[in-house]
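Peer 1: Just one file: data-v6.cif, with mmCIF, C-alpha atoms and all ligand atoms.
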```cif
data_run
loop_
_atom_site.label_atom_id
_atom_site.label_comp_id
_atom_site.auth_asym_id
_atom_site.auth_seq_id
_atom_site.Cartn_x
_atom_site.Cartn_y
_atom_site.Cartn_z
CA MET R 1 17.57 -20.72 1.55
CA PRO R 2 19.99 -20.07 -1.34
CA GLN R 3 18.89 -17.13 -3.46
CA THR R 4 18.34 -19.30 -6.53
CA ALA R 5 15.80 -21.54 -4.74
CA ASP R 6 13.52 -18.61 -3.95
CA PRO R 7 11.86 -17.26 -7.10
CA PHE R 8 10.77 -14.18 -5.13
CA PHE R 9 14.17 -13.30 -3.63
CA GLU R 10 15.13 -10.83 -6.35
CA PRO R 11 11.67 -9.19 -6.67
CA TYR R 12 11.66 -8.62 -2.88
CA ASP R 13 15.30 -7.51 -2.87
CA ARG R 14 14.66 -4.52 -5.13
CA LYS R 15 14.48 -0.95 -3.88
CA ASP R 16 10.95 -0.80 -5.31
CA ILE R 17 9.66 -3.95 -3.67
CA ALA R 18 7.45 -6.20 -5.81
CA TYR R 19 3.69 -5.62 -5.36
CA GLY R 20 4.32 -2.16 -3.91
CA ASP R 21 3.22 -0.67 -0.60
CA ALA R 22 -0.53 -0.45 -1.10
CA PRO R 23 -2.57 -3.26 0.45
CA THR R 24 -4.99 -5.27 -1.66
CA ALA R 25 -7.91 -2.92 -2.38
CA ALA R 26 -10.68 -5.17 -1.01
CA ILE R 27 -8.77 -5.69 2.26
CA ALA R 28 -8.13 -1.94 2.59
CA ALA R 29 -11.86 -1.25 2.03
CA PHE R 30 -12.85 -3.75 4.72
CA LEU R 31 -10.32 -2.36 7.21
CA ASP R 32 -11.54 1.19 6.50
CA GLN R 33 -15.13 0.32 7.30
CA ILE R 34 -15.08 -2.32 10.03
CA GLU R 35 -13.75 -1.93 13.55
CA CYS R 36 -10.96 -4.46 13.72
CA GLY R 37 -8.79 -6.31 16.19
CA GLY R 38 -7.81 -9.78 17.31
CA THR R 39 -5.60 -12.25 15.51
CA ALA R 40 -4.78 -12.32 11.81
CA ILE R 41 -2.73 -14.58 9.59
CA ASP R 42 -1.38 -13.54 6.20
CA LEU R 43 -0.62 -16.71 4.23
CA GLY R 44 1.98 -16.14 1.49
CA ALA R 45 2.53 -12.67 2.92
CA GLY R 46 5.41 -11.88 0.57
CA ALA R 47 6.93 -8.52 1.53
CA GLY R 48 3.95 -7.74 3.72
CA ARG R 49 1.80 -5.04 2.13
CA ASP R 50 -1.36 -6.70 3.55
CA THR R 51 0.34 -7.66 6.84
CA ILE R 52 1.21 -4.02 7.55
CA ALA R 53 -2.34 -2.85 6.73
CA LEU R 54 -3.80 -5.47 9.10
CA ALA R 55 -1.39 -4.54 11.90
CA SER R 56 -2.04 -0.83 11.36
CA ALA R 57 -5.76 -1.58 11.77
CA GLY R 58 -5.07 -3.24 15.14
CA PHE R 59 -4.65 -6.92 14.37
CA GLN R 60 -1.91 -9.07 15.89
CA VAL R 61 -0.63 -10.54 12.62
CA THR R 62 1.44 -13.59 11.72
CA ALA R 63 3.00 -13.29 8.25
CA VAL R 64 3.76 -16.71 6.74
CA ASP R 65 5.92 -17.17 3.66
CA LEU R 66 8.68 -19.39 2.25
CA SER R 67 10.73 -16.34 1.25
CA SER R 68 13.14 -15.25 3.97
CA ARG R 69 13.92 -12.13 1.92
CA GLY R 70 10.21 -11.26 1.80
CA LEU R 71 9.84 -11.78 5.55
CA LYS R 72 12.87 -9.57 6.24
CA ARG R 73 11.12 -6.82 4.25
CA VAL R 74 7.96 -7.43 6.34
CA ARG R 75 9.95 -6.82 9.54
CA GLU R 76 11.57 -3.69 8.10
CA ARG R 77 8.21 -2.34 6.96
CA ALA R 78 6.57 -3.16 10.30
CA GLU R 79 9.29 -1.22 12.11
CA ALA R 80 8.97 1.73 9.72
CA ALA R 81 5.20 1.80 10.31
CA GLY R 82 5.63 1.51 14.11
CA VAL R 83 3.67 -1.76 14.29
CA GLU R 84 6.56 -4.18 14.89
CA LYS R 85 5.03 -5.35 18.21
CA LEU R 86 1.93 -6.48 16.27
CA VAL R 87 3.78 -8.45 13.59
CA THR R 88 5.35 -11.92 13.80
CA THR R 89 7.00 -13.56 10.81
CA LYS R 90 7.07 -17.29 10.20
CA GLU R 91 9.17 -18.89 7.47
CA ALA R 92 6.99 -21.89 6.65
CA ASP R 93 4.98 -23.65 3.99
CA VAL R 94 1.30 -22.65 4.14
CA ARG R 95 0.46 -26.35 3.85
CA GLU R 96 2.14 -27.04 7.18
CA VAL R 97 1.20 -24.04 9.24
CA ASP R 98 -0.96 -24.60 12.31
CA LEU R 99 -4.50 -23.18 11.90
CA PRO R 100 -6.43 -24.11 15.06
CA GLN R 101 -10.20 -24.22 14.68
CA ASN R 102 -12.19 -21.08 15.53
CA SER R 103 -9.05 -19.11 16.45
CA ILE R 104 -8.30 -16.47 13.78
CA ASP R 105 -10.22 -13.23 13.18
CA ALA R 106 -8.74 -12.35 9.78
CA LEU R 107 -7.43 -14.94 7.33
CA ILE R 108 -5.69 -13.60 4.23
CA ALA R 109 -4.30 -15.55 1.28
CA THR R 110 -3.43 -13.10 -1.48
CA THR R 111 -2.18 -15.19 -4.41
CA VAL R 112 -0.76 -18.21 -2.66
CA LEU R 113 -3.42 -20.95 -3.07
CA ASP R 114 -2.53 -20.82 -6.77
CA HIS R 115 1.17 -21.41 -5.94
CA ILE R 116 0.48 -24.90 -4.55
CA PRO R 117 -1.07 -27.95 -6.27
CA ALA R 118 -4.88 -28.01 -6.50
CA ALA R 119 -5.44 -30.78 -3.93
CA ASP R 120 -3.22 -28.98 -1.40
CA ALA R 121 -5.01 -25.68 -2.09
CA LYS R 122 -8.37 -27.29 -1.28
CA ARG R 123 -7.00 -28.71 1.99
CA VAL R 124 -5.52 -25.34 3.05
CA TRP R 125 -8.83 -23.65 2.12
CA GLN R 126 -10.79 -26.11 4.32
CA ARG R 127 -8.44 -25.51 7.23
CA MET R 128 -8.74 -21.73 6.72
CA THR R 129 -12.54 -21.84 6.84
CA GLU R 130 -12.43 -23.96 10.00
CA ALA R 131 -9.95 -21.61 11.66
CA LEU R 132 -12.15 -18.53 11.19
CA THR R 133 -13.86 -17.17 14.33
CA ASP R 134 -17.59 -16.37 14.46
CA THR R 135 -16.83 -12.70 13.74
CA GLY R 136 -13.99 -13.43 11.33
CA MET R 137 -13.08 -12.10 7.88
CA LEU R 138 -11.51 -14.15 5.10
CA PHE R 139 -9.89 -12.82 1.93
CA VAL R 140 -8.56 -14.97 -0.91
CA GLU R 141 -7.16 -13.87 -4.25
CA VAL R 142 -5.99 -16.32 -6.93
CA HIS R 143 -4.83 -16.33 -10.53
CA THR R 144 -7.40 -17.75 -12.93
CA THR R 145 -7.32 -19.44 -16.33
CA GLU R 146 -7.98 -15.95 -17.75
CA ASP R 147 -4.33 -15.15 -16.92
CA PRO R 148 -2.06 -15.17 -20.01
CA GLY R 149 0.37 -17.39 -18.04
CA SER R 150 -2.24 -20.15 -17.86
CA ASP R 151 -1.94 -23.18 -20.14
CA GLN R 152 -5.75 -23.26 -20.40
CA LYS R 153 -8.23 -21.12 -22.34
CA PRO R 154 -8.83 -18.25 -22.51
CA GLY R 155 -5.47 -17.22 -21.00
CA CYS R 156 -3.32 -19.43 -23.24
CA ASP R 157 -4.80 -17.73 -26.32
CA SER R 158 -3.87 -14.26 -25.09
CA ASP R 159 -0.99 -12.24 -26.58
CA ALA R 160 -0.77 -10.07 -23.45
CA PRO R 161 2.56 -9.97 -21.55
CA ILE R 162 3.07 -12.58 -18.80
CA SER R 163 4.40 -11.91 -15.29
CA GLU R 164 8.12 -12.48 -14.59
CA THR R 165 7.03 -14.74 -11.69
CA ALA R 166 4.39 -16.73 -13.61
CA GLY R 167 6.57 -19.86 -13.29
CA ALA R 168 5.67 -19.99 -9.58
CA VAL R 169 1.94 -20.28 -10.31
CA VAL R 170 1.05 -23.96 -10.63
CA ASN R 171 -2.71 -23.94 -10.10
CA TYR R 172 -4.81 -21.51 -12.15
CA PHE R 173 -8.38 -21.46 -10.83
CA ARG R 174 -11.24 -22.23 -13.24
CA PRO R 175 -14.19 -19.86 -13.73
CA ASN R 176 -16.39 -19.78 -10.58
CA GLN R 177 -14.16 -22.30 -8.78
CA LEU R 178 -13.37 -20.03 -5.84
CA ALA R 179 -17.02 -18.87 -5.74
CA ARG R 180 -18.18 -22.50 -5.48
CA TRP R 181 -15.81 -23.14 -2.61
CA ALA R 182 -17.10 -20.04 -0.84
CA VAL R 183 -20.81 -20.89 -1.11
CA ASP R 184 -20.39 -24.57 -0.27
CA PRO R 185 -22.33 -24.99 3.01
CA SER R 186 -19.31 -26.69 4.63
CA SER R 187 -17.38 -23.39 4.35
CA ARG R 188 -19.92 -21.61 6.60
CA LEU R 189 -19.17 -18.26 4.95
CA ARG R 190 -21.23 -15.24 3.89
CA VAL R 191 -19.80 -13.66 0.74
CA LEU R 192 -19.39 -9.87 0.84
CA ARG R 193 -17.65 -9.56 -2.49
CA TYR R 194 -16.65 -11.88 -5.32
CA GLU R 195 -15.16 -10.82 -8.61
CA GLU R 196 -13.35 -12.37 -11.58
CA ARG R 197 -11.45 -9.86 -13.65
CA GLN R 198 -8.25 -8.91 -15.43
CA GLU R 199 -5.71 -6.47 -14.02
CA TRP R 200 -2.52 -4.86 -15.25
CA ASP R 201 0.45 -5.12 -12.87
CA CYS R 202 3.28 -2.59 -13.12
CA THR R 203 4.70 -3.16 -9.62
CA HIS R 204 7.43 -5.59 -10.71
CA GLY R 205 9.26 -6.51 -13.90
CA PRO R 206 7.84 -5.54 -17.30
CA GLU R 207 4.18 -4.52 -17.07
CA HIS R 208 1.96 -7.58 -17.48
CA LEU R 209 -1.64 -8.73 -17.41
CA HIS R 210 -3.30 -11.00 -14.86
CA GLY R 211 -6.56 -12.92 -14.61
CA LYS R 212 -7.74 -12.92 -10.99
CA ALA R 213 -10.55 -14.11 -8.78
CA ILE R 214 -11.05 -12.28 -5.47
CA LEU R 215 -13.21 -13.24 -2.54
CA LEU R 216 -14.06 -11.28 0.59
CA ALA R 217 -16.25 -13.15 3.06
CA VAL R 218 -17.18 -13.29 6.71
CA ARG R 219 -18.41 -16.12 8.90
CA GLU R 220 -22.09 -16.88 8.19
CA GLY R 221 -24.31 -15.11 10.73
CA PHE R 222 -21.87 -12.19 11.08
CA TYR R 223 -23.18 -8.81 9.86
CA PRO R 224 -20.51 -6.11 10.19
CA PRO R 225 -21.45 -2.64 8.80
CA TRP R 226 -20.12 -3.27 5.29
CA PHE R 227 -21.16 -0.79 2.59
CA GLY R 228 -19.32 -2.40 -0.33
CA GLN R 229 -16.43 -1.46 -2.52
CA PRO R 230 -17.07 1.08 -3.83
CA ALA R 231 -19.77 2.14 -1.39
CA ALA R 232 -23.01 3.15 -3.12
CA PHE R 233 -23.87 6.88 -3.11
CA PRO R 234 -20.94 7.95 -0.91
CA ARG R 235 -21.43 11.28 0.84
CA VAL R 236 -19.39 14.10 -0.68
CA ASP R 237 -18.00 16.41 2.01
CA SER R 238 -18.27 20.06 0.97
C1 LIG F 1 2.49 -13.54 -5.79
S1 LIG F 1 3.33 -13.48 -4.25
C2 LIG F 1 2.13 -12.60 -3.26
C3 LIG F 1 2.72 -11.94 -2.04
C4 LIG F 1 1.75 -11.15 -1.18
N1 LIG F 1 0.63 -11.95 -0.74
C5 LIG F 1 1.25 -9.92 -1.92
O1 LIG F 1 0.15 -9.98 -2.48
O2 LIG F 1 1.97 -8.92 -1.94
C6 LIG F 1 3.17 -15.16 -3.68
C7 LIG F 1 3.90 -15.42 -2.38
O3 LIG F 1 3.56 -16.74 -1.93
C8 LIG F 1 4.72 -17.32 -1.37
N2 LIG F 1 4.55 -18.80 -1.41
C9 LIG F 1 4.45 -19.58 -2.52
N3 LIG F 1 4.25 -20.86 -2.16
C10 LIG F 1 4.22 -20.88 -0.81
C11 LIG F 1 4.03 -21.91 0.16
N4 LIG F 1 3.82 -23.18 -0.19
N5 LIG F 1 4.07 -21.57 1.47
C12 LIG F 1 4.29 -20.28 1.86
N6 LIG F 1 4.46 -19.27 0.98
C13 LIG F 1 4.42 -19.56 -0.33
C14 LIG F 1 5.87 -16.81 -2.22
O4 LIG F 1 7.11 -16.90 -1.54
C15 LIG F 1 5.42 -15.36 -2.48
O5 LIG F 1 5.92 -14.49 -1.49
#
```
Would you mind writing the structure in this file as structure tokens?
Ligand SMILES: C[S@@+](CC[C@H](N)C(=O)[O-])C[C@H]1O[C@@H](n2cnc3c(N)ncnc32)[C@H](O)[C@@H]1O

Peer 2:
Amino acid sequence: MPQTADPFFEPYDRKDIAYGDAPTAAIAAFLDQIECGGTAIDLGAGAGRDTIALASAGFQVTAVDLSSRGLKRVRERAEAAGVEKLVTTKEADVREVDLPQNSIDALIATTVLDHIPAADAKRVWQRMTEALTDTGMLFVEVHTTEDPGSDQKPGCDSDAPISETAGAVVNYFRPNQLARWAVDPSSRLRVLRYEERQEWDCTHGPEHLHGKAILLAVREGFYPPWFGQPAAFPRVDS
């Protein structure tokens, strides 16, 4: 793909790679608490911060993205972390990737369902929920209309700085939209965590504000030992 066609080429080409090294906090909390393994897919994996965390926790991970530069960084990072045998990269559109039913133990989509049109996002979501195994975990994060890059209220009324990559976001989620998807009986999910919030991002370009919705869920009927994020009354080691 020519560099100009990939809006993420330059952010992933930098020495300080866009979005940093740290995995998404809710995914890291889940991986810290739950014994993990099996197959994982990271949709819109970017440069792989979540992919590497999943592989380091023992998952066999497929990182899917349109950005060949991002996927090259994923392979470099996997090698540096010693998990290259657990990581496969796939340059593909998330709308076309194969998601066989009841086959994937961890399904991640950290800010990609908002990079495709709304009808496509709903179809990918449905295929994700069908692909989850009975002991599976699903994590989705999306930009919301609270984001200052949104053309809808309240984001469009904000004076806060907008992300350098906001042009790639085409589908800002409405309040409670992702929550409604998650609790729809057809999704067959049990929600562990749902939050709508703002966040400052200083990992790429000029510091900017985001509006986000995040969802962490498992298959209904699955009760892993999850103590929340943050866990209530954590023990303090003396
Ligand atoms: C905001 S970045 C997030 C990257 C990564 N998930 C993270 O949080 O570090 C969005 C990513 O989605 C990818 N993307 C956008 N549309 C896509 C599509 N239709 N299929 C696959 N990847 C896509 C972009 O190339 C980019 O790497």

Peer 1: Ligand LIG 1 (chain F): which residues are within 6 Å, counting all atoms listed in the file? Reply as an MDAnalysis selection string.

Peer 2: chainID R and resid 8 19 44:46 49 65:67 92:94 110:112 115:116

Peer 1: Enter the distance from atom CA of R:Pro175 to atom CA of R:Thr51, in Å, rounded to one decimal.

Peer 2: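 Distance reported for this atom pair: 28.0 Å.
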
Peer 1: Using only C-alpha atoms, which of R:Ala232, R:Gln101, R:Leu178, R:Ile162 sits nearest R:Pro206?

Peer 2: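 Smallest distance to R:Pro206 is found for R:Ile162.
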
Peer 1: Check the smallest atom-to-atom distance from each of R:Ala22, R:Leu71, R:Leu113, R:Val83 to R:Ala168 using all atoms listed in the file, then report the winner.

Peer 2: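 Of all the options, R:Leu113 lies closest to R:Ala168.
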
Peer 1: Which of these residues is nearest to R:Ala25, using all atoms listed in the file: R:Leu216, R:Leu138, R:Val236, R:Ala160?

Peer 2: R:Leu216

Peer 1: Find the residues around R:Phe173 up to 8 Å (all atoms listed in the file counted), leave out those fewer than 5 positions away in its own chain, and share them as a CSV table (one decimal) with C-alpha atoms, keeping the file's coordinate frame.

Peer 2:
```
chain,number,residue,atom,x,y,z
R,114,ASP,CA,-2.5,-20.8,-6.8
R,142,VAL,CA,-6.0,-16.3,-6.9
R,143,HIS,CA,-4.8,-16.3,-10.5
R,144,THR,CA,-7.4,-17.8,-12.9
R,145,THR,CA,-7.3,-19.4,-16.3
R,178,LEU,CA,-13.4,-20.0,-5.8
R,213,ALA,CA,-10.6,-14.1,-8.8
```

Peer 1: In Å, rounded to a single decimal, give me how far atom CA of R:Arg123 is from atom CA of R:Tyr172.

Peer 2: 16.0 Å

Peer 1: Nearest to R:Leu31: which of R:Val170, R:Ala182, R:Arg75, R:Gly228 is it, counting all atoms listed in the file?

Peer 2: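 Residue with the minimum atom-to-atom distance to R:Leu31: R:Gly228.
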